[in-house]
Amino acid sequence: MNKRVEIVVKILAVAGLLYLFLVSISLMGAAFKGFGKGFAENLIQTTSNPFVGLFIGILATSLVQSSSTTTSVVVGIVGAGGLTVGNAIPIIMGANIGTTVTNTLVSLGHVSRRDEFRRAISAATVHDFFNLICVAVLFPIELATGYLQKSATYMSTVFTGVGGFKLTSPIKLATKPTVELIQRAALFVSGAKLAAYIIMTVLSLVLLFLALYFIVKVMKSLVVNRAEIVLDNVISKRPVLGLFAGLAFTIIVQSSSITTSLLIPLVAAGILTVEAAFPITIGANIGTTTTAILASFATGNPAAIIIAFAHFLFNLTGTVCIYPIKFCRMIPIYLAKAFGDLAAEKRRYAAFYVVGVFFLVPTLLIIISKLF
């Protein structure tokens with residue numbers, strides 16, 4: 001085969017595999033929402049305790065795999081008077097941790113290939129550790145001072161009356177017809193919603209594993225040498241560019257989960273390092289909040305605007321406090337790499353980590369708080 005034709009075929013293959021990968025993530029999200037949205041809504045309405053609210057935010061968002069869904073539910077409950085803004089903010093902080101479950105699940109797609117998995121789980125958990133550190137620093141500050149609530153309330157008064165709009169994600173537009181087709185087919189075959197959601201979950205995992213395996217294989221042969229040079233010269237030496245790239249891309253696709261999940265196969269293939277992926281990840285963290293702010297302006301609901309700004313300020317403050325200081329910046333990277341080494345040697349630890357951090361620990365703490 002002619003060299004140019006071979007390159008074109010590989011590029012088309014990567015494009016097709018990326019589409020399949022994005023469909024698998026969207027399908028998994030749709031299945032999880034089907035399983036957990038009603039439960040998540042009921043869960044959010046059950047607390048006035050900020051500590052419990054934090055863990056409810058983690059669990060509810062892990063169940064629906066979308067911080068946007070959790071935020072929307074919280075806004076609705078606050079708007080209806082079922083929750084105060086002060087009690088809603090810890091839930092939003094928890095949602096920031098819970099939303100990272102998607103890219104951590106994506107990294108498990110590399111579990112059968114040890115070196116790939118080491119890099120993939122490190123790239124996924126650097127996001128987790130960054131958000132956990134942000135919560136550990138800002139949660140007690142918020143409890144003591146109400147910094148986020150006061151700042152977000154002030155900003156909402158300045159911006160109330162400003163027209164807003166809701167962006168449409170091109171990726172969601174592209175994947176939605178396929179996801180809906182699969183959803184209808186699963187419902188037709190099973191005849192029951194619960195069974196359909198189970199079929200969708202299994203199918204999404206199969207598609208995810210297949211797509212990741214072939215994406216890494218094709219990309220290694222296609223671009224690894226050239227991409228390594230470009231990324232080393234651009235992102236590694238100018239990490240602020242990576243931060244703004246993550247911010248801009250996330251505003252366009254309206255999902256930090258998509259941005260961070262797309263980084264996983266790049267790091268797994270050795271095209272990106274964890275250090276280079278980190279600024280893109282925290283840029284995505286900020287970017288995911290800007291679309292919510294624009295949408296909140298359109299609602300004209302003061303509670304929606306306050307919560308959107310609180311989410312934005314939380315991510316921005318965490319970035320400003322941690323990223324510019326080298327010692328602080330290296331903590332989540334060091335923890336992620338250490339966990340990557342551990343998980344690559346004993347891969348069951350990765351499964352324990354996902355179940356424990358995102359589901360088991362929050363559930364147990366919520367139950368204990370209710371009992372006592």
# chains A, B, ... in the order shown; residues from 1 in each chain; ligands from 1
>>> residues_around(residues="Ser261 (chain A)", least_positions_apart="3", cutoff="9 Å", atoms="only C-alpha atoms", output="ChimeraX atom specification")
/A:25,102-104,106-107,124,256-258,264-265
>>> write_last_selection(atoms="N, CA and C atoms", output="mmCIF file, in the first residue's frame")
data_model
loop_
_atom_site.group_PDB
_atom_site.id
_atom_site.type_symbol
_atom_site.label_atom_id
_atom_site.label_comp_id
_atom_site.auth_asym_id
_atom_site.auth_seq_id
_atom_site.Cartn_x
_atom_site.Cartn_y
_atom_site.Cartn_z
ATOM 1 N N ILE A 25 -18.935 6.332 25.653
ATOM 2 C CA ILE A 25 -19.017 7.180 26.853
ATOM 3 C C ILE A 25 -20.435 7.743 27.006
ATOM 4 N N THR A 102 -15.877 9.041 35.301
ATOM 5 C CA THR A 102 -15.949 8.624 33.893
ATOM 6 C C THR A 102 -14.566 8.336 33.334
ATOM 7 N N ASN A 103 -13.622 9.297 33.491
ATOM 8 C CA ASN A 103 -12.298 9.043 32.907
ATOM 9 C C ASN A 103 -11.544 7.953 33.665
ATOM 10 N N THR A 104 -11.878 7.742 34.953
ATOM 11 C CA THR A 104 -11.247 6.643 35.702
ATOM 12 C C THR A 104 -11.764 5.303 35.172
ATOM 13 N N VAL A 106 -12.795 4.846 32.112
ATOM 14 C CA VAL A 106 -12.169 4.729 30.778
ATOM 15 C C VAL A 106 -10.773 4.125 30.901
ATOM 16 N N SER A 107 -10.026 4.542 31.921
ATOM 17 C CA SER A 107 -8.655 4.023 32.085
ATOM 18 C C SER A 107 -8.646 2.512 32.323
ATOM 19 N N ALA A 124 -5.806 9.391 34.605
ATOM 20 C CA ALA A 124 -7.180 9.526 35.094
ATOM 21 C C ALA A 124 -7.207 10.035 36.529
ATOM 22 N N SER A 256 -16.405 18.179 30.708
ATOM 23 C CA SER A 256 -15.025 17.923 31.132
ATOM 24 C C SER A 256 -14.718 16.430 31.043
ATOM 25 N N SER A 257 -15.751 15.590 31.200
ATOM 26 C CA SER A 257 -15.545 14.135 31.126
ATOM 27 C C SER A 257 -15.048 13.728 29.744
ATOM 28 N N ILE A 258 -15.601 14.357 28.686
ATOM 29 C CA ILE A 258 -15.168 14.035 27.326
ATOM 30 C C ILE A 258 -13.729 14.479 27.122
ATOM 31 N N ILE A 264 -6.932 10.070 27.991
ATOM 32 C CA ILE A 264 -6.494 8.769 28.530
ATOM 33 C C ILE A 264 -5.779 7.927 27.464
ATOM 34 N N PRO A 265 -6.391 7.694 26.266
ATOM 35 C CA PRO A 265 -5.666 6.892 25.265
ATOM 36 C C PRO A 265 -4.380 7.560 24.775
#
>>> residues_around(residues="Phe358 (chain A)", least_positions_apart="5", cutoff="9 Å", atoms="only C-alpha atoms", output="ChimeraX atom specification")
/A:58-59,61-63,97-98,101,353,363
>>> atom_distance(atom1="CA of Ile171 (chain A)", atom2="CA of Ala245 (chain A)")
16.7 Å
>>> residues_around(residues="Ile280 (chain A)", least_positions_apart="3", cutoff="8 Å", atoms="only C-alpha atoms", output="list in words")
Gly242, Leu243, Phe244, Ala245, Gly246, Leu247, Thr260, Ala276, Ala277, Gly283 and Ala284 of chain A
>>> residues_around(residues="Ala185 (chain A)", least_positions_apart="4", cutoff="12 Å", atoms="only C-alpha atoms", output="PyMOL selection string")
chain A and resi 178-181+189-193+195-197+199-200+203
>>> write_last_selection(atoms="N, CA and C atoms", output="compact mmCIF listing (two decimals), in the first residue's frame")
# COMPACT_ATOMS: atom_id res chain seq x y z
N THR A 178 -26.99 7.91 17.37
CA THR A 178 -26.53 6.53 17.56
C THR A 178 -26.93 6.01 18.93
N VAL A 179 -26.74 6.85 19.96
CA VAL A 179 -27.09 6.45 21.33
C VAL A 179 -28.60 6.19 21.44
N GLU A 180 -29.39 7.07 20.85
CA GLU A 180 -30.86 6.90 20.90
C GLU A 180 -31.29 5.65 20.15
N LEU A 181 -30.63 5.36 19.03
CA LEU A 181 -30.94 4.15 18.25
C LEU A 181 -30.65 2.90 19.08
N VAL A 189 -35.63 -5.06 22.48
CA VAL A 189 -35.17 -6.43 22.72
C VAL A 189 -35.54 -6.91 24.13
N SER A 190 -35.35 -6.03 25.12
CA SER A 190 -35.56 -6.44 26.52
C SER A 190 -37.01 -6.30 26.98
N GLY A 191 -37.69 -5.29 26.47
CA GLY A 191 -39.08 -5.06 26.86
C GLY A 191 -39.26 -4.39 28.21
N ALA A 192 -38.15 -4.08 28.89
CA ALA A 192 -38.22 -3.41 30.20
C ALA A 192 -37.07 -2.42 30.33
N LYS A 193 -37.33 -1.30 30.98
CA LYS A 193 -36.32 -0.24 31.08
C LYS A 193 -35.06 -0.70 31.81
N ALA A 195 -33.78 -3.70 32.23
CA ALA A 195 -33.02 -4.64 31.39
C ALA A 195 -32.33 -3.89 30.24
N ALA A 196 -33.02 -2.89 29.70
CA ALA A 196 -32.44 -2.09 28.61
C ALA A 196 -31.21 -1.34 29.09
N TYR A 197 -31.28 -0.79 30.31
CA TYR A 197 -30.13 -0.06 30.87
C TYR A 197 -28.95 -1.00 31.10
N ILE A 199 -28.32 -3.78 29.35
CA ILE A 199 -27.80 -4.07 28.00
C ILE A 199 -26.93 -2.90 27.52
N MET A 200 -27.42 -1.67 27.72
CA MET A 200 -26.67 -0.47 27.31
C MET A 200 -25.33 -0.36 28.03
N LEU A 203 -22.98 -3.12 26.64
CA LEU A 203 -22.57 -2.75 25.28
C LEU A 203 -21.59 -1.57 25.29
>>> residues_around(residues="region 210-213 of chain A", least_positions_apart="5", cutoff="8 Å", atoms="only C-alpha atoms", output="list of chain:residue names")
A:Leu17, A:Leu18, A:Leu20, A:Phe21, A:Gly109, A:His110, A:Pro265
>>> select_by_dssp(residues="region 207-352 of chain A", states="alpha helix (DSSP H)", output="PyMOL selection string")
chain A and resi 207-222+224-231+239-253+256-268+274-299+302-322+326-345+348-352
>>> decode(residues="region 193-217 of chain A", atoms="N, CA, C and O atoms", output="PDB file, in the first residue's frame")
ATOM      1  N   LYS A 193     -37.330  -1.298  30.983  1.00  0.00           N
ATOM      2  CA  LYS A 193     -36.319  -0.239  31.080  1.00  0.00           C
ATOM      3  C   LYS A 193     -35.061  -0.705  31.807  1.00  0.00           C
ATOM      4  O   LYS A 193     -33.941  -0.441  31.363  1.00  0.00           O
ATOM      5  N   LEU A 194     -35.232  -1.379  32.940  1.00  0.00           N
ATOM      6  CA  LEU A 194     -34.078  -1.817  33.724  1.00  0.00           C
ATOM      7  C   LEU A 194     -33.174  -2.741  32.912  1.00  0.00           C
ATOM      8  O   LEU A 194     -31.950  -2.568  32.890  1.00  0.00           O
ATOM      9  N   ALA A 195     -33.783  -3.703  32.230  1.00  0.00           N
ATOM     10  CA  ALA A 195     -33.023  -4.640  31.392  1.00  0.00           C
ATOM     11  C   ALA A 195     -32.331  -3.887  30.244  1.00  0.00           C
ATOM     12  O   ALA A 195     -31.190  -4.201  29.884  1.00  0.00           O
ATOM     13  N   ALA A 196     -33.022  -2.890  29.696  1.00  0.00           N
ATOM     14  CA  ALA A 196     -32.445  -2.091  28.606  1.00  0.00           C
ATOM     15  C   ALA A 196     -31.208  -1.338  29.093  1.00  0.00           C
ATOM     16  O   ALA A 196     -30.196  -1.278  28.390  1.00  0.00           O
ATOM     17  N   TYR A 197     -31.278  -0.787  30.312  1.00  0.00           N
ATOM     18  CA  TYR A 197     -30.127  -0.057  30.867  1.00  0.00           C
ATOM     19  C   TYR A 197     -28.946  -0.997  31.102  1.00  0.00           C
ATOM     20  O   TYR A 197     -27.786  -0.616  30.908  1.00  0.00           O
ATOM     21  N   ILE A 198     -29.233  -2.245  31.514  1.00  0.00           N
ATOM     22  CA  ILE A 198     -28.169  -3.240  31.719  1.00  0.00           C
ATOM     23  C   ILE A 198     -27.500  -3.573  30.391  1.00  0.00           C
ATOM     24  O   ILE A 198     -26.261  -3.618  30.286  1.00  0.00           O
ATOM     25  N   ILE A 199     -28.324  -3.785  29.349  1.00  0.00           N
ATOM     26  CA  ILE A 199     -27.795  -4.066  28.004  1.00  0.00           C
ATOM     27  C   ILE A 199     -26.932  -2.900  27.524  1.00  0.00           C
ATOM     28  O   ILE A 199     -25.826  -3.098  26.989  1.00  0.00           O
ATOM     29  N   MET A 200     -27.417  -1.666  27.724  1.00  0.00           N
ATOM     30  CA  MET A 200     -26.667  -0.470  27.307  1.00  0.00           C
ATOM     31  C   MET A 200     -25.332  -0.362  28.030  1.00  0.00           C
ATOM     32  O   MET A 200     -24.306  -0.026  27.429  1.00  0.00           O
ATOM     33  N   THR A 201     -25.322  -0.678  29.338  1.00  0.00           N
ATOM     34  CA  THR A 201     -24.074  -0.617  30.116  1.00  0.00           C
ATOM     35  C   THR A 201     -23.062  -1.628  29.600  1.00  0.00           C
ATOM     36  O   THR A 201     -21.889  -1.291  29.384  1.00  0.00           O
ATOM     37  N   VAL A 202     -23.509  -2.866  29.403  1.00  0.00           N
ATOM     38  CA  VAL A 202     -22.615  -3.930  28.907  1.00  0.00           C
ATOM     39  C   VAL A 202     -22.075  -3.562  27.531  1.00  0.00           C
ATOM     40  O   VAL A 202     -20.863  -3.658  27.271  1.00  0.00           O
ATOM     41  N   LEU A 203     -22.975  -3.118  26.641  1.00  0.00           N
ATOM     42  CA  LEU A 203     -22.565  -2.749  25.283  1.00  0.00           C
ATOM     43  C   LEU A 203     -21.590  -1.570  25.295  1.00  0.00           C
ATOM     44  O   LEU A 203     -20.603  -1.555  24.549  1.00  0.00           O
ATOM     45  N   SER A 204     -21.843  -0.588  26.158  1.00  0.00           N
ATOM     46  CA  SER A 204     -20.952   0.582  26.230  1.00  0.00           C
ATOM     47  C   SER A 204     -19.548   0.165  26.664  1.00  0.00           C
ATOM     48  O   SER A 204     -18.549   0.675  26.146  1.00  0.00           O
ATOM     49  N   LEU A 205     -19.455  -0.793  27.610  1.00  0.00           N
ATOM     50  CA  LEU A 205     -18.150  -1.269  28.074  1.00  0.00           C
ATOM     51  C   LEU A 205     -17.415  -2.049  26.987  1.00  0.00           C
ATOM     52  O   LEU A 205     -16.197  -1.896  26.818  1.00  0.00           O
ATOM     53  N   VAL A 206     -18.158  -2.865  26.228  1.00  0.00           N
ATOM     54  CA  VAL A 206     -17.552  -3.618  25.112  1.00  0.00           C
ATOM     55  C   VAL A 206     -17.013  -2.655  24.062  1.00  0.00           C
ATOM     56  O   VAL A 206     -15.862  -2.779  23.605  1.00  0.00           O
ATOM     57  N   LEU A 207     -17.840  -1.654  23.684  1.00  0.00           N
ATOM     58  CA  LEU A 207     -17.404  -0.653  22.700  1.00  0.00           C
ATOM     59  C   LEU A 207     -16.200   0.132  23.205  1.00  0.00           C
ATOM     60  O   LEU A 207     -15.266   0.414  22.450  1.00  0.00           O
ATOM     61  N   LEU A 208     -16.221   0.488  24.494  1.00  0.00           N
ATOM     62  CA  LEU A 208     -15.135   1.255  25.095  1.00  0.00           C
ATOM     63  C   LEU A 208     -13.817   0.481  25.030  1.00  0.00           C
ATOM     64  O   LEU A 208     -12.794   1.018  24.578  1.00  0.00           O
ATOM     65  N   PHE A 209     -13.849  -0.790  25.436  1.00  0.00           N
ATOM     66  CA  PHE A 209     -12.629  -1.599  25.446  1.00  0.00           C
ATOM     67  C   PHE A 209     -12.088  -1.793  24.029  1.00  0.00           C
ATOM     68  O   PHE A 209     -10.884  -1.670  23.796  1.00  0.00           O
ATOM     69  N   LEU A 210     -12.984  -2.092  23.075  1.00  0.00           N
ATOM     70  CA  LEU A 210     -12.553  -2.295  21.686  1.00  0.00           C
ATOM     71  C   LEU A 210     -11.971  -1.018  21.095  1.00  0.00           C
ATOM     72  O   LEU A 210     -10.901  -1.031  20.472  1.00  0.00           O
ATOM     73  N   ALA A 211     -12.686   0.103  21.300  1.00  0.00           N
ATOM     74  CA  ALA A 211     -12.242   1.389  20.747  1.00  0.00           C
ATOM     75  C   ALA A 211     -10.878   1.782  21.314  1.00  0.00           C
ATOM     76  O   ALA A 211      -9.978   2.179  20.568  1.00  0.00           O
ATOM     77  N   LEU A 212     -10.708   1.656  22.625  1.00  0.00           N
ATOM     78  CA  LEU A 212      -9.441   2.033  23.258  1.00  0.00           C
ATOM     79  C   LEU A 212      -8.288   1.162  22.762  1.00  0.00           C
ATOM     80  O   LEU A 212      -7.193   1.660  22.481  1.00  0.00           O
ATOM     81  N   TYR A 213      -8.533  -0.130  22.640  1.00  0.00           N
ATOM     82  CA  TYR A 213      -7.474  -1.053  22.196  1.00  0.00           C
ATOM     83  C   TYR A 213      -6.964  -0.655  20.811  1.00  0.00           C
ATOM     84  O   TYR A 213      -5.748  -0.532  20.596  1.00  0.00           O
ATOM     85  N   PHE A 214      -7.897  -0.403  19.888  1.00  0.00           N
ATOM     86  CA  PHE A 214      -7.482  -0.100  18.514  1.00  0.00           C
ATOM     87  C   PHE A 214      -7.017   1.346  18.332  1.00  0.00           C
ATOM     88  O   PHE A 214      -6.148   1.614  17.509  1.00  0.00           O
ATOM     89  N   ILE A 215      -7.572   2.281  19.120  1.00  0.00           N
ATOM     90  CA  ILE A 215      -7.100   3.675  19.049  1.00  0.00           C
ATOM     91  C   ILE A 215      -5.610   3.728  19.394  1.00  0.00           C
ATOM     92  O   ILE A 215      -4.806   4.336  18.679  1.00  0.00           O
ATOM     93  N   VAL A 216      -5.239   3.101  20.497  1.00  0.00           N
ATOM     94  CA  VAL A 216      -3.838   3.111  20.940  1.00  0.00           C
ATOM     95  C   VAL A 216      -2.940   2.440  19.905  1.00  0.00           C
ATOM     96  O   VAL A 216      -1.870   2.940  19.561  1.00  0.00           O
ATOM     97  N   LYS A 217      -3.419   1.315  19.368  1.00  0.00           N
ATOM     98  CA  LYS A 217      -2.627   0.559  18.390  1.00  0.00           C
ATOM     99  C   LYS A 217      -2.370   1.384  17.128  1.00  0.00           C
ATOM    100  O   LYS A 217      -1.227   1.485  16.658  1.00  0.00           O
TER     101      LYS A 217
END
